[in-house]
$ cat work37.cif   # mmCIF, C-alpha atoms
data_entry
loop_
_atom_site.label_atom_id
_atom_site.label_comp_id
_atom_site.auth_asym_id
_atom_site.auth_seq_id
_atom_site.Cartn_x
_atom_site.Cartn_y
_atom_site.Cartn_z
CA MET A 1 17.61 -99.54 16.03
CA LYS A 2 16.26 -95.96 16.26
CA ILE A 3 15.09 -96.59 19.82
CA VAL A 4 18.53 -97.88 20.80
CA ILE A 5 20.31 -94.89 19.27
CA ILE A 6 17.94 -92.42 20.92
CA THR A 7 18.46 -94.14 24.27
CA ILE A 8 22.25 -93.94 23.86
CA LEU A 9 22.13 -90.27 22.92
CA PHE A 10 19.80 -89.51 25.81
CA SER A 11 22.18 -91.25 28.22
CA TRP A 12 25.05 -89.25 26.78
CA VAL A 13 23.17 -85.96 27.20
CA GLN A 14 22.36 -86.95 30.78
CA TYR A 15 26.06 -87.54 31.39
CA ILE A 16 27.04 -84.15 29.98
CA GLY A 17 24.36 -82.37 31.99
CA SER A 18 25.12 -84.10 35.30
CA ASP A 19 28.87 -83.69 35.23
CA LEU A 20 29.01 -81.04 37.96
CA VAL A 21 27.87 -80.98 41.57
CA GLU A 22 25.44 -78.29 42.67
CA CYS A 23 27.66 -76.23 44.98
CA PRO A 24 29.17 -72.84 44.03
CA LEU A 25 32.91 -72.32 43.65
CA ASN A 26 35.04 -73.11 46.73
CA HIS A 27 32.18 -74.90 48.49
CA PHE A 28 31.26 -78.54 49.14
CA LYS A 29 28.26 -80.57 50.24
CA LEU A 30 28.22 -83.93 52.00
CA LYS A 31 25.34 -86.37 52.33
CA GLY A 32 23.22 -85.17 55.23
CA MET A 33 24.03 -81.50 54.73
CA GLU A 34 21.14 -79.17 53.96
CA SER A 35 23.33 -76.59 52.24
CA CYS A 36 26.81 -76.14 50.79
CA HIS A 37 29.71 -75.28 53.10
CA PRO A 38 32.86 -73.25 52.31
CA TRP A 39 36.04 -75.25 51.88
CA LEU A 40 37.66 -76.09 55.21
CA ASP A 41 40.91 -74.39 56.22
CA CYS A 42 43.40 -74.32 59.08
CA GLY A 43 40.83 -72.84 61.44
CA ASP A 44 38.64 -75.93 61.07
CA LEU A 45 41.31 -78.38 62.24
CA ASP A 46 40.36 -77.76 65.87
CA ASP A 47 36.98 -79.41 65.12
CA ILE A 48 38.61 -82.56 63.71
CA THR A 49 39.22 -85.79 65.65
CA VAL A 50 41.41 -88.55 64.21
CA ILE A 51 39.73 -91.97 64.38
CA LYS A 52 42.23 -94.29 62.69
CA ARG A 53 44.79 -94.60 59.92
CA LEU A 54 43.27 -95.78 56.63
CA GLY A 55 46.52 -96.42 54.81
CA THR A 56 49.91 -95.21 53.66
CA GLY A 57 50.95 -94.67 50.06
CA ALA A 58 54.14 -93.59 48.34
CA VAL A 59 53.30 -89.91 48.81
CA LYS A 60 50.86 -89.56 51.71
CA ASP A 61 49.37 -90.99 54.90
CA VAL A 62 45.56 -91.13 55.02
CA PHE A 63 43.43 -91.05 58.17
CA LEU A 64 39.73 -91.38 58.91
CA VAL A 65 38.61 -88.34 60.91
CA ASP A 66 35.44 -86.90 62.39
CA TRP A 67 34.40 -83.32 61.65
CA LYS A 68 31.22 -82.23 63.40
CA GLY A 69 29.69 -85.68 63.02
CA PHE A 70 30.82 -86.20 59.41
CA LEU A 71 33.47 -88.77 58.47
CA LEU A 72 36.22 -87.35 56.25
CA ALA A 73 39.54 -88.52 54.85
CA LEU A 74 42.57 -86.52 56.03
CA SER A 75 45.87 -86.79 54.13
CA ILE A 76 49.34 -85.52 54.95
CA PRO A 77 52.66 -86.05 53.09
CA VAL A 78 54.69 -89.07 54.18
CA ASN A 79 57.58 -86.64 54.53
CA LEU A 80 58.58 -83.27 53.11
CA THR A 81 60.53 -84.98 50.33
CA PHE A 82 57.18 -85.70 48.68
CA LEU A 83 55.62 -82.30 49.36
CA GLU A 84 55.87 -81.23 45.71
CA ASP A 85 54.04 -84.36 44.53
CA PHE A 86 51.51 -83.97 47.32
CA MET A 87 50.82 -80.34 46.41
CA ALA A 88 50.44 -81.29 42.74
CA GLY A 89 47.63 -83.60 43.79
CA VAL A 90 46.02 -80.91 45.95
CA ASN A 91 46.05 -78.40 43.10
CA VAL A 92 44.57 -80.89 40.62
CA LEU A 93 41.84 -81.78 43.11
CA LYS A 94 40.92 -78.10 43.29
CA LEU A 95 40.66 -77.98 39.50
CA PHE A 96 38.32 -80.98 39.56
CA SER A 97 36.42 -79.84 42.66
CA SER A 98 33.09 -79.61 40.83
CA SER A 99 33.34 -83.07 39.22
CA LYS A 100 31.24 -86.08 40.17
CA HIS A 101 33.96 -88.37 38.80
CA ILE A 102 36.73 -87.24 41.17
CA VAL A 103 36.73 -87.52 44.97
CA GLN A 104 35.29 -84.34 46.48
CA PHE A 105 37.83 -81.79 47.69
CA LEU A 106 36.78 -80.44 51.10
CA GLY A 107 39.65 -78.22 52.12
CA TYR A 108 43.35 -77.69 52.76
CA CYS A 109 45.54 -76.19 55.49
CA ASN A 110 48.87 -74.92 54.14
CA ARG A 111 50.27 -74.48 57.65
CA THR A 112 50.21 -78.23 58.34
CA ASN A 113 50.00 -79.52 54.73
CA THR A 114 46.69 -81.18 55.56
CA LEU A 115 44.28 -82.22 52.80
CA LEU A 116 40.63 -83.08 53.51
CA THR A 117 38.51 -85.09 51.08
CA GLU A 118 35.23 -86.99 51.15
CA TYR A 119 35.33 -90.42 52.82
CA HIS A 120 33.78 -93.45 51.11
CA ALA A 121 33.18 -96.39 53.43
CA LYS A 122 33.12 -99.03 50.67
CA GLY A 123 36.82 -98.42 50.06
CA ASN A 124 38.69 -98.82 46.80
CA ALA A 125 37.78 -101.05 43.87
CA VAL A 126 40.35 -103.73 44.76
CA ASP A 127 38.88 -104.25 48.23
CA PHE A 128 35.29 -103.92 47.03
CA LEU A 129 35.63 -106.46 44.23
CA SER A 130 37.47 -108.95 46.45
CA LYS A 131 34.54 -108.91 48.91
CA THR A 132 31.79 -108.94 46.28
CA SER A 133 30.26 -112.21 45.14
CA PRO A 134 30.00 -112.81 41.38
CA TYR A 135 27.54 -110.24 40.05
CA ASN A 136 25.47 -110.02 36.89
CA VAL A 137 26.83 -108.66 33.65
CA MET A 138 24.94 -105.38 33.88
CA ARG A 139 26.86 -104.56 37.05
CA GLY A 140 30.11 -105.32 35.23
CA LEU A 141 29.10 -103.13 32.30
CA GLU A 142 28.18 -100.32 34.68
CA PHE A 143 31.68 -100.46 36.20
CA CYS A 144 33.14 -100.31 32.66
CA HIS A 145 30.92 -97.31 31.92
CA GLN A 146 31.85 -95.56 35.14
CA TYR A 147 35.56 -96.02 34.46
CA ALA A 148 35.10 -94.69 30.91
CA LEU A 149 33.35 -91.61 32.34
CA ILE A 150 36.36 -90.99 34.58
CA LEU A 151 38.77 -91.25 31.64
CA ASN A 152 36.61 -88.99 29.50
CA HIS A 153 36.60 -86.40 32.26
CA LEU A 154 40.39 -86.61 32.58
CA HIS A 155 40.90 -86.33 28.83
CA ASN A 156 38.28 -83.66 28.12
CA GLY A 157 37.59 -82.01 31.46
CA PRO A 158 38.29 -78.61 33.01
CA ALA A 159 41.93 -79.44 33.77
CA GLY A 160 42.96 -80.12 30.18
CA ARG A 161 44.07 -83.44 28.69
CA ARG A 162 45.31 -85.44 31.65
CA VAL A 163 47.00 -88.86 31.56
CA PHE A 164 46.24 -91.32 34.36
CA CYS A 165 49.84 -92.21 35.20
CA ASP A 166 49.41 -93.94 38.57
CA SER A 167 48.28 -97.10 36.80
CA ASN A 168 51.20 -99.29 35.83
CA ASN A 169 49.44 -102.52 36.83
CA LEU A 170 45.81 -103.53 37.24
CA ASP A 171 45.72 -103.67 41.04
CA LYS A 172 47.49 -100.32 41.30
CA LEU A 173 44.95 -98.73 38.98
CA LEU A 174 41.96 -100.25 40.78
CA SER A 175 43.34 -99.10 44.13
CA GLN A 176 43.06 -95.49 42.89
CA LEU A 177 39.30 -95.89 42.36
CA LEU A 178 36.87 -95.46 45.24
CA VAL A 179 33.42 -97.06 45.34
CA THR A 180 30.67 -94.69 46.46
CA SER A 181 27.67 -95.63 48.61
CA ASP A 182 25.59 -96.12 45.44
CA GLU A 183 28.45 -98.20 43.95
CA LYS A 184 29.74 -95.72 41.41
CA LEU A 185 33.46 -95.44 40.67
CA ILE A 186 35.32 -92.19 41.31
CA LEU A 187 39.01 -91.37 41.02
CA ASN A 188 40.68 -90.83 44.38
CA ASP A 189 44.39 -90.31 43.77
CA VAL A 190 45.28 -87.44 41.43
CA ASP A 191 48.96 -87.02 42.37
CA ALA A 192 50.12 -88.29 38.96
CA LEU A 193 47.97 -86.73 36.24
CA PRO A 194 50.39 -84.91 33.90
CA GLU A 195 48.81 -82.68 31.27
CA VAL A 196 49.24 -83.04 27.52
CA ILE A 197 49.76 -79.46 26.37
CA ASN A 198 49.57 -78.39 22.71
CA GLY A 199 50.08 -81.95 21.54
CA SER A 200 53.27 -82.47 23.51
CA GLY A 201 53.49 -85.83 25.24
CA VAL A 202 54.09 -86.80 28.85
CA LYS A 203 56.06 -89.49 30.65
CA CYS A 204 54.77 -91.36 33.68
CA GLY A 205 57.76 -91.00 35.96
CA LYS A 206 61.44 -91.43 35.24
CA GLN A 207 61.67 -95.18 35.80
CA GLN A 208 61.52 -97.91 33.17
CA LEU A 209 58.08 -99.52 32.89
CA HIS A 210 57.50 -103.21 32.25
CA GLY A 211 54.70 -105.63 31.43
CA THR A 212 51.78 -106.01 29.04
CA PHE A 213 49.36 -103.90 31.07
CA VAL A 214 51.05 -100.62 30.13
CA ALA A 215 50.80 -99.44 26.55
CA PRO A 216 53.59 -100.46 24.14
CA GLU A 217 54.69 -96.84 23.65
CA GLN A 218 55.45 -96.73 27.39
CA LEU A 219 58.02 -99.53 27.08
CA TRP A 220 61.75 -99.07 26.49
CA ASN A 221 62.51 -100.68 23.13
CA ARG A 222 66.22 -99.95 22.64
CA ASN A 223 69.02 -102.47 22.98
CA GLU A 224 70.83 -100.34 25.53
CA PRO A 225 70.35 -99.40 29.19
CA PHE A 226 67.24 -97.35 29.95
CA SER A 227 67.61 -93.57 29.73
CA ASP A 228 64.78 -91.24 30.67
CA ASN A 229 66.26 -88.56 28.38
CA LEU A 230 65.97 -90.89 25.37
CA MET A 231 62.58 -92.32 26.31
CA PRO A 232 59.88 -90.93 23.95
CA SER A 233 56.82 -89.26 25.44
CA TYR A 234 53.22 -90.38 24.88
CA ASN A 235 49.67 -89.14 25.41
CA GLU A 236 46.29 -90.08 26.90
CA LYS A 237 45.83 -93.00 24.47
CA THR A 238 47.89 -95.07 26.94
CA ASP A 239 44.77 -94.98 29.15
CA ILE A 240 42.67 -96.47 26.35
CA TRP A 241 45.06 -99.42 25.97
CA LYS A 242 44.63 -100.20 29.67
CA ALA A 243 40.87 -99.59 29.68
CA ALA A 244 40.21 -102.77 27.70
CA THR A 245 41.91 -104.83 30.40
CA VAL A 246 40.14 -102.93 33.17
CA CYS A 247 36.71 -103.52 31.63
CA GLY A 248 37.59 -107.15 30.94
CA HIS A 249 38.40 -107.56 34.62
CA PHE A 250 35.01 -106.17 35.62
CA LEU A 251 33.22 -108.45 33.14
CA ASN A 252 35.18 -111.56 34.11
CA LYS A 253 33.66 -111.36 37.58
CA ALA A 254 30.17 -111.38 36.10
CA SER A 255 28.40 -114.73 36.22
CA ASP A 256 26.63 -114.22 32.88
CA GLY A 257 29.07 -112.11 30.90
CA VAL A 258 29.96 -114.40 27.98
CA TRP A 259 27.84 -112.61 25.35
CA VAL A 260 28.96 -109.16 26.44
CA ARG A 261 32.64 -110.15 26.39
CA TYR A 262 32.12 -111.53 22.88
CA ARG A 263 30.21 -108.41 21.82
CA LEU A 264 33.05 -106.15 23.05
CA TYR A 265 35.89 -108.31 21.70
CA GLU A 266 36.39 -106.34 18.46
CA PHE A 267 36.06 -102.98 20.21
CA HIS A 268 38.54 -103.92 22.92
CA SER A 269 40.90 -105.19 20.21
CA LYS A 270 40.86 -101.66 18.77
CA CYS A 271 41.80 -100.35 22.23
CA LYS A 272 44.86 -102.61 22.03
CA ASN A 273 45.98 -101.28 18.65
CA TYR A 274 49.74 -100.71 18.68
CA GLU A 275 49.17 -97.42 16.87
CA PRO A 276 47.82 -94.99 19.51
CA LEU A 277 46.01 -92.82 16.96
CA LEU A 278 43.90 -95.79 15.88
CA ARG A 279 42.59 -96.51 19.37
CA PRO A 280 39.14 -95.18 20.33
CA THR A 281 38.75 -92.07 22.43
CA ALA A 282 37.43 -92.08 25.99
CA GLU A 283 34.20 -90.55 24.68
CA GLU A 284 33.84 -93.50 22.32
CA LEU A 285 34.36 -95.85 25.28
CA VAL A 286 31.44 -94.21 27.09
CA ILE A 287 29.18 -94.48 24.05
CA GLU A 288 30.13 -98.09 23.25
CA TYR A 289 29.54 -99.38 26.77
CA SER A 290 26.17 -97.60 26.86
CA LYS A 291 25.29 -99.07 23.49
CA VAL A 292 26.14 -102.64 24.53
CA ALA A 293 24.19 -102.24 27.79
CA ASP A 294 21.14 -101.11 25.78
CA GLU A 295 21.50 -104.04 23.37
CA TYR A 296 21.73 -106.49 26.24
CA THR A 297 18.72 -104.98 28.00
CA ASN A 298 16.58 -104.93 24.83
CA HIS A 299 17.26 -108.57 23.92
CA SER A 300 16.24 -110.90 26.73
CA ASP A 301 17.33 -113.95 24.74
CA LEU A 302 21.01 -112.92 25.01
#
$ encode --input "work37.cif" --output "structure tokens"
Amino acid sequence: MKIVIITILFSWVQYIGSDLVECPLNHFKLKGMESCHPWLDCGDLDDITVIKRLGTGAVKDVFLVDWKGFLLALSIPVNLTFLEDFMAGVNVLKLFSSSKHIVQFLGYCNRTNTLLTEYHAKGNAVDFLSKTSPYNVMRGLEFCHQYALILNHLHNGPAGRRVFCDSNNLDKLLSQLLVTSDEKLILNDVDALPEVINGSGVKCGKQQLHGTFVAPEQLWNRNEPFSDNLMPSYNEKTDIWKAATVCGHFLNKASDGVWVRYRLYEFHSKCKNYEPLLRPTAEELVIEYSKVADEYTNHSDL
């Protein structure tokens, strides 16, 4: 038991110590670069060649581009109606620019409203998982752990307590996660990360939410037409409610995940507590998934 606990604590210390990339403020570094480079600006657009469109979302168009032999993602607003939302995402990306859990911010041109971020060829988690054959349970647990690290960084990171709002169904949430070359999960879309300030809650948009994936406090429970003014606010514990389903999805694709799903059943039930205060924290998610991975590794008869 002592060995397991020490291993868990060591993993946690490693996480805390490796939370930031090595570049100084307002710089970035891509794989293949020998040194850090200042953020790109309008003057660098002349060196960029558009290769193809990667996709279109509610707020922005995304293109694959070449910059001096490096592949980047270039984003522009779908139209000026969404410029405020687009700029909110740009500003949050800058706040998280030193994080290994958020897509790397590479630069911005305010003249053309052009955002440049790191490109990840494996795509988002929806596409990656649909193309991946059933994997072993340790891979599933690693995805759970990586997602918990993202949530912990959003809830306790340099940008305050942020709520992952762009996540009203499982596929939508997974589409916001990119898979890196070494198959780690990072958050890509930060357009909807409202901050919980001084205990005040947030609301994820002004539309009525539905379904069992969102937390119960996000649902309209009055016997009258929906009103955003009357809808109560909530906090980051909505992310914990969803996290149990997200991790369950990762584990369900594992070919040998029965014991781990059983082992996490009680913990995930706590994540689904109707009382938000009684749900675990994101930090506790990180620790629990590490603990279960250690238990599984140290008991070959599982």
$ residues_around --input "work37.cif" --residues "range 257-271 of chain A" --least-positions-apart "4" --cutoff "6 Å" --atoms "all atoms listed in the file" --output "number ranges by chain"
A: 137, 240-241, 244, 251, 279
$ resolve_selection --input "work37.cif" --expression "the PyMOL selection byres ((chain A and resi 204) around 12)" --output "MDAnalysis selection string"
chainID A and resid 162:168 191:196 201:203 205:209 214:215 217:219 228 231:236 238:239
$ atom_distance --input "work37.cif" --atom1 "CA of Thr56 in chain A" --atom2 "CA of Ile76 in chain A"
9.8 Å
$ residues_around --input "work37.cif" --residues "Ala243 in chain A" --least-positions-apart "5" --cutoff "10 Å" --atoms "all atoms listed in the file" --output "list in words"
Cys144, Tyr147, Ala148, Leu151, Leu170, Phe213, Lys237, Thr238, Gly248, His249, His268, Cys271, Lys272, Ala282 and Leu285 of chain A
$ write_last_selection --input "work37.cif" --atoms "C-alpha atoms" --output "short mmCIF file (atom, residue, chain, number, x, y, z; two decimals), in the frame of the given file"
data_model
loop_
_atom_site.label_atom_id
_atom_site.label_comp_id
_atom_site.auth_asym_id
_atom_site.auth_seq_id
_atom_site.Cartn_x
_atom_site.Cartn_y
_atom_site.Cartn_z
CA CYS A 144 33.14 -100.31 32.66
CA TYR A 147 35.56 -96.02 34.46
CA ALA A 148 35.10 -94.69 30.91
CA LEU A 151 38.77 -91.25 31.64
CA LEU A 170 45.81 -103.53 37.24
CA PHE A 213 49.36 -103.90 31.07
CA LYS A 237 45.83 -93.00 24.47
CA THR A 238 47.89 -95.07 26.94
CA GLY A 248 37.59 -107.15 30.94
CA HIS A 249 38.40 -107.56 34.62
CA HIS A 268 38.54 -103.92 22.92
CA CYS A 271 41.80 -100.35 22.23
CA LYS A 272 44.86 -102.61 22.03
CA ALA A 282 37.43 -92.08 25.99
CA LEU A 285 34.36 -95.85 25.28
#
$ residues_near_point --input "work37.cif" --point "(27.0, -98.3, 27.9)" --cutoff "10 Å" --atoms "only C-alpha atoms" --output "PyMOL selection string"
chain A and resi 8+11-12+138+141-146+148+285-296
$ write_last_selection --input "work37.cif" --atoms "C-alpha atoms" --output "CSV table (one decimal), in the coordinates of the input"
chain,number,residue,atom,x,y,z
A,8,ILE,CA,22.2,-93.9,23.9
A,11,SER,CA,22.2,-91.2,28.2
A,12,TRP,CA,25.0,-89.2,26.8
A,138,MET,CA,24.9,-105.4,33.9
A,141,LEU,CA,29.1,-103.1,32.3
A,142,GLU,CA,28.2,-100.3,34.7
A,143,PHE,CA,31.7,-100.5,36.2
A,144,CYS,CA,33.1,-100.3,32.7
A,145,HIS,CA,30.9,-97.3,31.9
A,146,GLN,CA,31.8,-95.6,35.1
A,148,ALA,CA,35.1,-94.7,30.9
A,285,LEU,CA,34.4,-95.8,25.3
A,286,VAL,CA,31.4,-94.2,27.1
A,287,ILE,CA,29.2,-94.5,24.0
A,288,GLU,CA,30.1,-98.1,23.2
A,289,TYR,CA,29.5,-99.4,26.8
A,290,SER,CA,26.2,-97.6,26.9
A,291,LYS,CA,25.3,-99.1,23.5
A,292,VAL,CA,26.1,-102.6,24.5
A,293,ALA,CA,24.2,-102.2,27.8
A,294,ASP,CA,21.1,-101.1,25.8
A,295,GLU,CA,21.5,-104.0,23.4
A,296,TYR,CA,21.7,-106.5,26.2
$ residues_around --input "work37.cif" --residues "Val59 in chain A" --least-positions-apart "4" --cutoff "7 Å" --atoms "only C-alpha atoms" --output "list in words"
Pro77, Val78, Phe82 and Phe86 of chain A
$ residues_near_point --input "work37.cif" --point "(43.7, -84.8, 54.3)" --cutoff "9 Å" --atoms "all atoms listed in the file" --output "ChimeraX atom specification"
/A:60-64,72-76,106-109,113-117
$ resolve_selection --input "work37.cif" --expression "the PyMOL selection byres ((chain A and resi 122) around 10)" --output "number ranges by chain"
A: 119-121, 123-125, 127-128, 178-183
$ write_last_selection --input "work37.cif" --atoms "C-alpha atoms" --output "PDB file, in the frame of the given file"
ATOM      1  CA  TYR A 119      35.330 -90.420  52.820  1.00  0.00           C
ATOM      2  CA  HIS A 120      33.780 -93.450  51.110  1.00  0.00           C
ATOM      3  CA  ALA A 121      33.180 -96.390  53.430  1.00  0.00           C
ATOM      4  CA  GLY A 123      36.820 -98.420  50.060  1.00  0.00           C
ATOM      5  CA  ASN A 124      38.690 -98.820  46.800  1.00  0.00           C
ATOM      6  CA  ALA A 125      37.780-101.050  43.870  1.00  0.00           C
ATOM      7  CA  ASP A 127      38.880-104.250  48.230  1.00  0.00           C
ATOM      8  CA  PHE A 128      35.290-103.920  47.030  1.00  0.00           C
ATOM      9  CA  LEU A 178      36.870 -95.460  45.240  1.00  0.00           C
ATOM     10  CA  VAL A 179      33.420 -97.060  45.340  1.00  0.00           C
ATOM     11  CA  THR A 180      30.670 -94.690  46.460  1.00  0.00           C
ATOM     12  CA  SER A 181      27.670 -95.630  48.610  1.00  0.00           C
ATOM     13  CA  ASP A 182      25.590 -96.120  45.440  1.00  0.00           C
ATOM     14  CA  GLU A 183      28.450 -98.200  43.950  1.00  0.00           C
TER      15      GLU A 183
END
$ resolve_selection --input "work37.cif" --expression "the PyMOL selection byres ((chain A and resi 26) around 12)" --output "PyMOL selection string"
chain A and resi 21-25+27-29+36-41+93-98+104-108
$ closest_residue --input "work37.cif" --among "A:Thr212, A:His155, A:Asn229, A:Gly69" --to "Tyr274 in chain A" --atoms "all atoms listed in the file"
A:Thr212
$ atom_distance --input "work37.cif" --atom1 "CA of Thr297 in chain A" --atom2 "CA of Asp256 in chain A"
13.1 Å
$ closest_residue --input "work37.cif" --among "A:Ile150, A:Ile51, A:Ala159, A:Leu71" --to "Lys31 in chain A" --atoms "all atoms listed in the file"
A:Leu71
$ atom_distance --input "work37.cif" --atom1 "CA of Val126 in chain A" --atom2 "CA of Lys253 in chain A"
12.4 Å
$ closest_residue --input "work37.cif" --among "A:Trp67, A:Lys184, A:Ala254, A:Leu83" --to "Asp46 in chain A" --atoms "all atoms listed in the file"
A:Trp67
$ axis_aligned_box --input "work37.cif" --around "range 148-151 of chain A" --padding-each-side "6 Å" --output "lines of an AutoDock Vina configuration file"
center_x = 36.1
center_y = -92.8
center_z = 32.7
size_x = 17.4
size_y = 15.7
size_z = 15.7
$ closest_residue --input "work37.cif" --among "A:Phe70, A:Asn152, A:Gly89, A:His210" --to "Phe226 in chain A" --atoms "all atoms listed in the file"
A:His210
$ closest_residue --input "work37.cif" --among "A:Leu80, A:Leu185, A:Met33, A:Val50" --to "Arg139 in chain A" --atoms "all atoms listed in the file"
A:Leu185
